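Structure first, then comments.
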Amino acid sequence: MRAYGADMRAQSEDTPGVATAPFATSVGSVRSHRVFATCYDRMNAAAERTFLGRRRAALLGGLTGTVLDVGAGTGANLPHLRSAERVVAVEPDPAMRQRLERRAAESTISVEVSAASADALPFDDASVDAVVFTLVLCTVGDPNAALAEARRVLRDDGTLAVLEHVRGTGRLARFQDAITPVWKVVGAGCHPNRDTLTTLRGLGDFAIHDVDEFRELPRWFPASPMLQLTARPTR
């Protein structure tokens, strides 16, 4: 969940959760969430310490070659992409990208920052070894287009790595549906009711592996449960 390019927003001081971005300005055709970007890392600090950092490390630590990080936010994934030879971090929000650029400059790996959007990646077909989506598919305008673009730029032997909050079941799913019109306004476009696994399966472009659906946040929280998976392109 972001703008969760992300992401996790803060629920309270004591409960690590998913952050929201009520203040935004327009920069060209892209909304710049200035206040949210300023507070983002601090709001997510508890979640990063308790479970997000561990999840990122497990998902991303083994990715090699050229890695495309879609919706990179402030660069939370960069410390965990330790095996990559080159990282291209895509972030269309100018306020988030400003912080991403600072973190990229401090990275020990080669990082290039791009302002591209998830559904129109300015990269050649089959040009990257891995594509990463962490807490961003809830926010992109068209998840199908974003995943199709990921498949286009990914090499046939590449890896798709996903860490997202997703649609729940039963009462929680109904609550997510009801709250989405308001949540996406205060949450920088976040849709808590997106069924990312079903969307990914429906495309038929990936063979999905290592699916782990888990809960680290309160059961009533709209940005719960969460999903971690890897996938390979189908030939």
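If you're wondering about the labels, chains in the structure tokens are A, B, ... by order shown, residues count from 1 in each chain, ligands from 1 in order shown.
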Once DSSP has gone over the backbone, tell me which residues of segment 4-226 of chain A are in alpha helix (DSSP H), as a PDB file with N, CA and C atoms, in the first residue's frame.
```
ATOM      1  N   ARG A  34       3.594  15.253  -0.675  1.00  0.00           N
ATOM      2  CA  ARG A  34       4.732  15.853   0.008  1.00  0.00           C
ATOM      3  C   ARG A  34       4.784  15.494   1.483  1.00  0.00           C
ATOM      4  N   VAL A  35       3.653  15.656   2.186  1.00  0.00           N
ATOM      5  CA  VAL A  35       3.639  15.369   3.614  1.00  0.00           C
ATOM      6  C   VAL A  35       3.847  13.883   3.862  1.00  0.00           C
ATOM      7  N   PHE A  36       3.182  13.073   3.065  1.00  0.00           N
ATOM      8  CA  PHE A  36       3.330  11.633   3.193  1.00  0.00           C
ATOM      9  C   PHE A  36       4.778  11.202   2.976  1.00  0.00           C
ATOM     10  N   ALA A  37       5.399  11.745   1.937  1.00  0.00           N
ATOM     11  CA  ALA A  37       6.785  11.389   1.648  1.00  0.00           C
ATOM     12  C   ALA A  37       7.713  11.787   2.790  1.00  0.00           C
ATOM     13  N   THR A  38       7.443  12.935   3.382  1.00  0.00           N
ATOM     14  CA  THR A  38       8.273  13.404   4.489  1.00  0.00           C
ATOM     15  C   THR A  38       8.193  12.464   5.685  1.00  0.00           C
ATOM     16  N   CYS A  39       7.005  11.921   5.937  1.00  0.00           N
ATOM     17  CA  CYS A  39       6.781  11.107   7.136  1.00  0.00           C
ATOM     18  C   CYS A  39       6.885   9.610   6.879  1.00  0.00           C
ATOM     19  N   TYR A  40       6.992   9.213   5.621  1.00  0.00           N
ATOM     20  CA  TYR A  40       6.841   7.807   5.253  1.00  0.00           C
ATOM     21  C   TYR A  40       7.759   6.855   6.016  1.00  0.00           C
ATOM     22  N   ASP A  41       9.045   7.119   6.003  1.00  0.00           N
ATOM     23  CA  ASP A  41       9.980   6.189   6.639  1.00  0.00           C
ATOM     24  C   ASP A  41       9.764   6.119   8.146  1.00  0.00           C
ATOM     25  N   ARG A  42       9.465   7.250   8.745  1.00  0.00           N
ATOM     26  CA  ARG A  42       9.224   7.251  10.192  1.00  0.00           C
ATOM     27  C   ARG A  42       7.949   6.484  10.526  1.00  0.00           C
ATOM     28  N   MET A  43       6.909   6.652   9.720  1.00  0.00           N
ATOM     29  CA  MET A  43       5.650   5.951   9.959  1.00  0.00           C
ATOM     30  C   MET A  43       5.805   4.443   9.809  1.00  0.00           C
ATOM     31  N   ASN A  44       6.680   4.029   8.913  1.00  0.00           N
ATOM     32  CA  ASN A  44       6.852   2.601   8.649  1.00  0.00           C
ATOM     33  C   ASN A  44       7.939   1.950   9.481  1.00  0.00           C
ATOM     34  N   ALA A  45       8.605   2.726  10.318  1.00  0.00           N
ATOM     35  CA  ALA A  45       9.774   2.211  11.032  1.00  0.00           C
ATOM     36  C   ALA A  45       9.439   0.980  11.871  1.00  0.00           C
ATOM     37  N   ALA A  46       8.319   1.009  12.591  1.00  0.00           N
ATOM     38  CA  ALA A  46       7.967  -0.134  13.444  1.00  0.00           C
ATOM     39  C   ALA A  46       7.687  -1.380  12.611  1.00  0.00           C
ATOM     40  N   ALA A  47       6.975  -1.209  11.497  1.00  0.00           N
ATOM     41  CA  ALA A  47       6.678  -2.351  10.630  1.00  0.00           C
ATOM     42  C   ALA A  47       7.950  -2.915  10.018  1.00  0.00           C
ATOM     43  N   GLY A  53      10.996  -5.572   7.144  1.00  0.00           N
ATOM     44  CA  GLY A  53      12.408  -5.714   6.794  1.00  0.00           C
ATOM     45  C   GLY A  53      12.798  -7.165   6.590  1.00  0.00           C
ATOM     46  N   ARG A  54      12.312  -8.030   7.487  1.00  0.00           N
ATOM     47  CA  ARG A  54      12.608  -9.462   7.372  1.00  0.00           C
ATOM     48  C   ARG A  54      12.014 -10.039   6.090  1.00  0.00           C
ATOM     49  N   ARG A  55      10.807  -9.643   5.773  1.00  0.00           N
ATOM     50  CA  ARG A  55      10.158 -10.118   4.561  1.00  0.00           C
ATOM     51  C   ARG A  55      10.884  -9.624   3.312  1.00  0.00           C
ATOM     52  N   ARG A  56      11.255  -8.362   3.301  1.00  0.00           N
ATOM     53  CA  ARG A  56      11.987  -7.816   2.155  1.00  0.00           C
ATOM     54  C   ARG A  56      13.300  -8.570   1.951  1.00  0.00           C
ATOM     55  N   ALA A  57      14.017  -8.798   3.047  1.00  0.00           N
ATOM     56  CA  ALA A  57      15.312  -9.471   2.955  1.00  0.00           C
ATOM     57  C   ALA A  57      15.171 -10.872   2.370  1.00  0.00           C
ATOM     58  N   ALA A  58      14.179 -11.620   2.826  1.00  0.00           N
ATOM     59  CA  ALA A  58      13.982 -12.985   2.348  1.00  0.00           C
ATOM     60  C   ALA A  58      13.571 -13.016   0.877  1.00  0.00           C
ATOM     61  N   LEU A  59      12.754 -12.056   0.477  1.00  0.00           N
ATOM     62  CA  LEU A  59      12.237 -12.031  -0.887  1.00  0.00           C
ATOM     63  C   LEU A  59      13.269 -11.525  -1.894  1.00  0.00           C
ATOM     64  N   LEU A  60      14.056 -10.541  -1.492  1.00  0.00           N
ATOM     65  CA  LEU A  60      14.891  -9.800  -2.440  1.00  0.00           C
ATOM     66  C   LEU A  60      16.376 -10.137  -2.381  1.00  0.00           C
ATOM     67  N   PRO A  94       7.018  12.649  -7.424  1.00  0.00           N
ATOM     68  CA  PRO A  94       8.224  13.482  -7.280  1.00  0.00           C
ATOM     69  C   PRO A  94       8.718  13.594  -5.845  1.00  0.00           C
ATOM     70  N   ALA A  95       7.805  13.692  -4.884  1.00  0.00           N
ATOM     71  CA  ALA A  95       8.226  13.839  -3.485  1.00  0.00           C
ATOM     72  C   ALA A  95       8.888  12.570  -2.971  1.00  0.00           C
ATOM     73  N   MET A  96       8.330  11.422  -3.318  1.00  0.00           N
ATOM     74  CA  MET A  96       8.941  10.161  -2.925  1.00  0.00           C
ATOM     75  C   MET A  96      10.267   9.962  -3.658  1.00  0.00           C
ATOM     76  N   ARG A  97      10.282  10.334  -4.922  1.00  0.00           N
ATOM     77  CA  ARG A  97      11.485  10.111  -5.735  1.00  0.00           C
ATOM     78  C   ARG A  97      12.667  10.942  -5.222  1.00  0.00           C
ATOM     79  N   GLN A  98      12.397  12.128  -4.702  1.00  0.00           N
ATOM     80  CA  GLN A  98      13.473  12.960  -4.157  1.00  0.00           C
ATOM     81  C   GLN A  98      14.203  12.237  -3.040  1.00  0.00           C
ATOM     82  N   ARG A  99      13.452  11.562  -2.180  1.00  0.00           N
ATOM     83  CA  ARG A  99      14.061  10.806  -1.083  1.00  0.00           C
ATOM     84  C   ARG A  99      14.722   9.529  -1.591  1.00  0.00           C
ATOM     85  N   LEU A 100      14.114   8.929  -2.588  1.00  0.00           N
ATOM     86  CA  LEU A 100      14.707   7.753  -3.221  1.00  0.00           C
ATOM     87  C   LEU A 100      16.077   8.083  -3.804  1.00  0.00           C
ATOM     88  N   GLU A 101      16.196   9.220  -4.441  1.00  0.00           N
ATOM     89  CA  GLU A 101      17.475   9.605  -5.053  1.00  0.00           C
ATOM     90  C   GLU A 101      18.570   9.765  -4.006  1.00  0.00           C
ATOM     91  N   ARG A 102      18.204  10.312  -2.851  1.00  0.00           N
ATOM     92  CA  ARG A 102      19.201  10.461  -1.787  1.00  0.00           C
ATOM     93  C   ARG A 102      19.661   9.099  -1.280  1.00  0.00           C
ATOM     94  N   ARG A 103      18.712   8.190  -1.101  1.00  0.00           N
ATOM     95  CA  ARG A 103      19.084   6.857  -0.627  1.00  0.00           C
ATOM     96  C   ARG A 103      19.877   6.106  -1.685  1.00  0.00           C
ATOM     97  N   ALA A 104      19.531   6.284  -2.950  1.00  0.00           N
ATOM     98  CA  ALA A 104      20.253   5.617  -4.030  1.00  0.00           C
ATOM     99  C   ALA A 104      21.713   6.078  -4.074  1.00  0.00           C
ATOM    100  N   ALA A 105      21.927   7.365  -3.806  1.00  0.00           N
ATOM    101  CA  ALA A 105      23.285   7.897  -3.829  1.00  0.00           C
ATOM    102  C   ALA A 105      24.156   7.295  -2.737  1.00  0.00           C
ATOM    103  N   GLU A 106      23.533   6.816  -1.671  1.00  0.00           N
ATOM    104  CA  GLU A 106      24.268   6.231  -0.560  1.00  0.00           C
ATOM    105  C   GLU A 106      24.427   4.721  -0.675  1.00  0.00           C
ATOM    106  N   PRO A 143      -3.564  -2.637 -12.490  1.00  0.00           N
ATOM    107  CA  PRO A 143      -2.670  -3.737 -12.113  1.00  0.00           C
ATOM    108  C   PRO A 143      -2.381  -4.707 -13.252  1.00  0.00           C
ATOM    109  N   ASN A 144      -3.374  -4.964 -14.096  1.00  0.00           N
ATOM    110  CA  ASN A 144      -3.153  -5.871 -15.228  1.00  0.00           C
ATOM    111  C   ASN A 144      -2.097  -5.318 -16.167  1.00  0.00           C
ATOM    112  N   ALA A 145      -2.176  -4.013 -16.451  1.00  0.00           N
ATOM    113  CA  ALA A 145      -1.199  -3.389 -17.336  1.00  0.00           C
ATOM    114  C   ALA A 145       0.186  -3.383 -16.704  1.00  0.00           C
ATOM    115  N   ALA A 146       0.255  -3.129 -15.392  1.00  0.00           N
ATOM    116  CA  ALA A 146       1.545  -3.120 -14.701  1.00  0.00           C
ATOM    117  C   ALA A 146       2.198  -4.495 -14.745  1.00  0.00           C
ATOM    118  N   LEU A 147       1.423  -5.540 -14.509  1.00  0.00           N
ATOM    119  CA  LEU A 147       1.974  -6.890 -14.528  1.00  0.00           C
ATOM    120  C   LEU A 147       2.335  -7.317 -15.957  1.00  0.00           C
ATOM    121  N   ALA A 148       1.544  -6.870 -16.932  1.00  0.00           N
ATOM    122  CA  ALA A 148       1.878  -7.174 -18.325  1.00  0.00           C
ATOM    123  C   ALA A 148       3.187  -6.496 -18.732  1.00  0.00           C
ATOM    124  N   GLU A 149       3.400  -5.273 -18.264  1.00  0.00           N
ATOM    125  CA  GLU A 149       4.652  -4.578 -18.531  1.00  0.00           C
ATOM    126  C   GLU A 149       5.822  -5.295 -17.850  1.00  0.00           C
ATOM    127  N   ALA A 150       5.579  -5.781 -16.640  1.00  0.00           N
ATOM    128  CA  ALA A 150       6.618  -6.537 -15.943  1.00  0.00           C
ATOM    129  C   ALA A 150       7.026  -7.758 -16.763  1.00  0.00           C
ATOM    130  N   ARG A 151       6.044  -8.458 -17.306  1.00  0.00           N
ATOM    131  CA  ARG A 151       6.365  -9.638 -18.127  1.00  0.00           C
ATOM    132  C   ARG A 151       7.117  -9.246 -19.387  1.00  0.00           C
ATOM    133  N   ARG A 152       6.751  -8.121 -19.977  1.00  0.00           N
ATOM    134  CA  ARG A 152       7.412  -7.700 -21.218  1.00  0.00           C
ATOM    135  C   ARG A 152       8.899  -7.430 -21.006  1.00  0.00           C
ATOM    136  N   VAL A 153       9.242  -6.733 -19.941  1.00  0.00           N
ATOM    137  CA  VAL A 153      10.650  -6.358 -19.733  1.00  0.00           C
ATOM    138  C   VAL A 153      11.469  -7.465 -19.073  1.00  0.00           C
ATOM    139  N   GLY A 170     -14.697 -13.032   3.337  1.00  0.00           N
ATOM    140  CA  GLY A 170     -15.847 -12.866   4.218  1.00  0.00           C
ATOM    141  C   GLY A 170     -16.111 -11.429   4.640  1.00  0.00           C
ATOM    142  N   ARG A 171     -16.271 -11.230   5.934  1.00  0.00           N
ATOM    143  CA  ARG A 171     -16.614  -9.918   6.471  1.00  0.00           C
ATOM    144  C   ARG A 171     -15.547  -8.877   6.173  1.00  0.00           C
ATOM    145  N   LEU A 172     -14.275  -9.278   6.256  1.00  0.00           N
ATOM    146  CA  LEU A 172     -13.198  -8.329   5.973  1.00  0.00           C
ATOM    147  C   LEU A 172     -13.261  -7.863   4.524  1.00  0.00           C
ATOM    148  N   ALA A 173     -13.503  -8.769   3.587  1.00  0.00           N
ATOM    149  CA  ALA A 173     -13.579  -8.385   2.177  1.00  0.00           C
ATOM    150  C   ALA A 173     -14.718  -7.402   1.943  1.00  0.00           C
ATOM    151  N   ARG A 174     -15.850  -7.645   2.597  1.00  0.00           N
ATOM    152  CA  ARG A 174     -16.980  -6.720   2.444  1.00  0.00           C
ATOM    153  C   ARG A 174     -16.640  -5.356   3.026  1.00  0.00           C
ATOM    154  N   PHE A 175     -15.936  -5.353   4.148  1.00  0.00           N
ATOM    155  CA  PHE A 175     -15.495  -4.095   4.753  1.00  0.00           C
ATOM    156  C   PHE A 175     -14.517  -3.368   3.827  1.00  0.00           C
ATOM    157  N   GLN A 176     -13.591  -4.109   3.221  1.00  0.00           N
ATOM    158  CA  GLN A 176     -12.641  -3.497   2.287  1.00  0.00           C
ATOM    159  C   GLN A 176     -13.359  -2.874   1.093  1.00  0.00           C
ATOM    160  N   ASP A 177     -14.362  -3.567   0.565  1.00  0.00           N
ATOM    161  CA  ASP A 177     -15.140  -3.015  -0.547  1.00  0.00           C
ATOM    162  C   ASP A 177     -15.825  -1.715  -0.140  1.00  0.00           C
ATOM    163  N   ALA A 178     -16.388  -1.716   1.061  1.00  0.00           N
ATOM    164  CA  ALA A 178     -17.139  -0.544   1.513  1.00  0.00           C
ATOM    165  C   ALA A 178     -16.226   0.656   1.766  1.00  0.00           C
ATOM    166  N   ILE A 179     -15.037   0.396   2.275  1.00  0.00           N
ATOM    167  CA  ILE A 179     -14.161   1.498   2.666  1.00  0.00           C
ATOM    168  C   ILE A 179     -13.264   1.992   1.532  1.00  0.00           C
ATOM    169  N   THR A 180     -13.169   1.243   0.445  1.00  0.00           N
ATOM    170  CA  THR A 180     -12.247   1.608  -0.632  1.00  0.00           C
ATOM    171  C   THR A 180     -12.449   3.019  -1.186  1.00  0.00           C
ATOM    172  N   PRO A 181     -13.698   3.475  -1.436  1.00  0.00           N
ATOM    173  CA  PRO A 181     -13.843   4.834  -1.981  1.00  0.00           C
ATOM    174  C   PRO A 181     -13.215   5.916  -1.103  1.00  0.00           C
ATOM    175  N   VAL A 182     -13.281   5.750   0.208  1.00  0.00           N
ATOM    176  CA  VAL A 182     -12.673   6.724   1.116  1.00  0.00           C
ATOM    177  C   VAL A 182     -11.187   6.440   1.282  1.00  0.00           C
ATOM    178  N   TRP A 183     -10.847   5.170   1.428  1.00  0.00           N
ATOM    179  CA  TRP A 183      -9.456   4.770   1.686  1.00  0.00           C
ATOM    180  C   TRP A 183      -8.527   5.219   0.564  1.00  0.00           C
ATOM    181  N   LYS A 184      -8.982   5.130  -0.673  1.00  0.00           N
ATOM    182  CA  LYS A 184      -8.095   5.494  -1.782  1.00  0.00           C
ATOM    183  C   LYS A 184      -7.866   7.000  -1.850  1.00  0.00           C
ATOM    184  N   VAL A 185      -8.753   7.774  -1.235  1.00  0.00           N
ATOM    185  CA  VAL A 185      -8.550   9.226  -1.170  1.00  0.00           C
ATOM    186  C   VAL A 185      -7.526   9.567  -0.102  1.00  0.00           C
ATOM    187  N   VAL A 186      -7.713   9.034   1.107  1.00  0.00           N
ATOM    188  CA  VAL A 186      -6.793   9.348   2.199  1.00  0.00           C
ATOM    189  C   VAL A 186      -5.521   8.520   2.125  1.00  0.00           C
ATOM    190  N   THR A 196      -4.739  -9.477  -5.697  1.00  0.00           N
ATOM    191  CA  THR A 196      -3.556  -9.523  -6.550  1.00  0.00           C
ATOM    192  C   THR A 196      -3.239 -10.926  -7.047  1.00  0.00           C
ATOM    193  N   LEU A 197      -3.423 -11.931  -6.205  1.00  0.00           N
ATOM    194  CA  LEU A 197      -3.110 -13.300  -6.622  1.00  0.00           C
ATOM    195  C   LEU A 197      -4.029 -13.745  -7.752  1.00  0.00           C
ATOM    196  N   THR A 198      -5.311 -13.446  -7.648  1.00  0.00           N
ATOM    197  CA  THR A 198      -6.254 -13.792  -8.720  1.00  0.00           C
ATOM    198  C   THR A 198      -5.914 -13.055 -10.003  1.00  0.00           C
ATOM    199  N   THR A 199      -5.560 -11.772  -9.873  1.00  0.00           N
ATOM    200  CA  THR A 199      -5.171 -10.995 -11.048  1.00  0.00           C
ATOM    201  C   THR A 199      -3.955 -11.606 -11.724  1.00  0.00           C
ATOM    202  N   LEU A 200      -2.961 -11.968 -10.951  1.00  0.00           N
ATOM    203  CA  LEU A 200      -1.730 -12.545 -11.494  1.00  0.00           C
ATOM    204  C   LEU A 200      -2.010 -13.877 -12.173  1.00  0.00           C
ATOM    205  N   ARG A 201      -2.810 -14.716 -11.528  1.00  0.00           N
ATOM    206  CA  ARG A 201      -3.155 -15.998 -12.132  1.00  0.00           C
ATOM    207  C   ARG A 201      -3.947 -15.821 -13.420  1.00  0.00           C
ATOM    208  N   GLY A 202      -4.829 -14.820 -13.436  1.00  0.00           N
ATOM    209  CA  GLY A 202      -5.674 -14.585 -14.600  1.00  0.00           C
ATOM    210  C   GLY A 202      -4.912 -14.162 -15.835  1.00  0.00           C
ATOM    211  N   LEU A 203      -3.771 -13.512 -15.648  1.00  0.00           N
ATOM    212  CA  LEU A 203      -2.978 -13.090 -16.796  1.00  0.00           C
ATOM    213  C   LEU A 203      -2.397 -14.269 -17.563  1.00  0.00           C
TER     214      LEU A 203
END
```
What parts of segment 149-216 of chain A does DSSP call strand (DSSP E or B)? I'd like the answer as a ChimeraX atom specification. /A:154-165,206-214
One number please: atom CA of Val113 of chain A to atom CA of Val67 of chain A, in Å, one decimal.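 Pair atom CA of Val113 of chain A / atom CA of Val67 of chain A returns 11.9 Å.
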Pick from A:Leu63, A:Val128, A:Leu68, A:Leu163: nearest to Ser83 of chain A, with only C-alpha atoms counted?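 Comparing A:Leu63, A:Val128, A:Leu68, A:Leu163 against Ser83 of chain A, the winner is A:Leu63.
Using only C-alpha atoms, the shortest contact distance between Asn193 of chain A and any of A:Ile109, A:Leu154, A:Leu160, A:Val166 is found at A:Val166.
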Please identify all polymer residues within 6 Å of Leu81 of chain A, counting only C-alpha atoms, omitting same-chain residues fewer than 3 positions from it, and present them as a PyMOL selection string. chain A and resi 60-61+78+84
Considering only C-alpha atoms, can you say which of A:Glu213, A:Asp195, A:Asp205, A:Glu85 comes closest to Ser107 of chain A?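 Using only C-alpha atoms, Ser107 of chain A sits closest to A:Glu85.
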Residues within 6 Å of Thr230 of chain A, please, as a VMD selection string. Count only C-alpha atoms; anything in the same chain fewer than 4 positions from it doesn't count. chain A and resid 160 to 161 209 to 210
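Interatomic distance, atom CA of Ala89 of chain A against atom CA of Asp69 of chain A: 4.8 Å.
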What are the nearest atom pairs, with distances in Å to one decimal, for all residues of segment 121-159 of chain A that come at most 12 Å from segment 215-224 of chain A, using only C-alpha atoms, set out by chain and rising residue number as JSON lines?
```
{"residue": "A:Leu135", "atom": "CA", "partner": "A:Ala223", "partner_atom": "CA", "distance": 10.0}
{"residue": "A:Cys138", "atom": "CA", "partner": "A:Ala223", "partner_atom": "CA", "distance": 9.5}
{"residue": "A:Thr139", "atom": "CA", "partner": "A:Ala223", "partner_atom": "CA", "distance": 12.0}
```
Prev. selection, N, CA and C atoms, output as a compact mmCIF listing (two decimals), in the first residue's frame:
```
# COMPACT_ATOMS: atom_id res chain seq x y z
N LEU A 135 4.26 -3.53 -2.15
CA LEU A 135 3.29 -2.57 -1.64
C LEU A 135 3.03 -1.45 -2.65
N CYS A 138 -1.52 -2.16 -5.11
CA CYS A 138 -2.78 -1.61 -4.58
C CYS A 138 -3.04 -0.21 -5.09
N THR A 139 -2.00 0.47 -5.56
CA THR A 139 -2.08 1.88 -5.89
C THR A 139 -2.03 2.17 -7.38
```
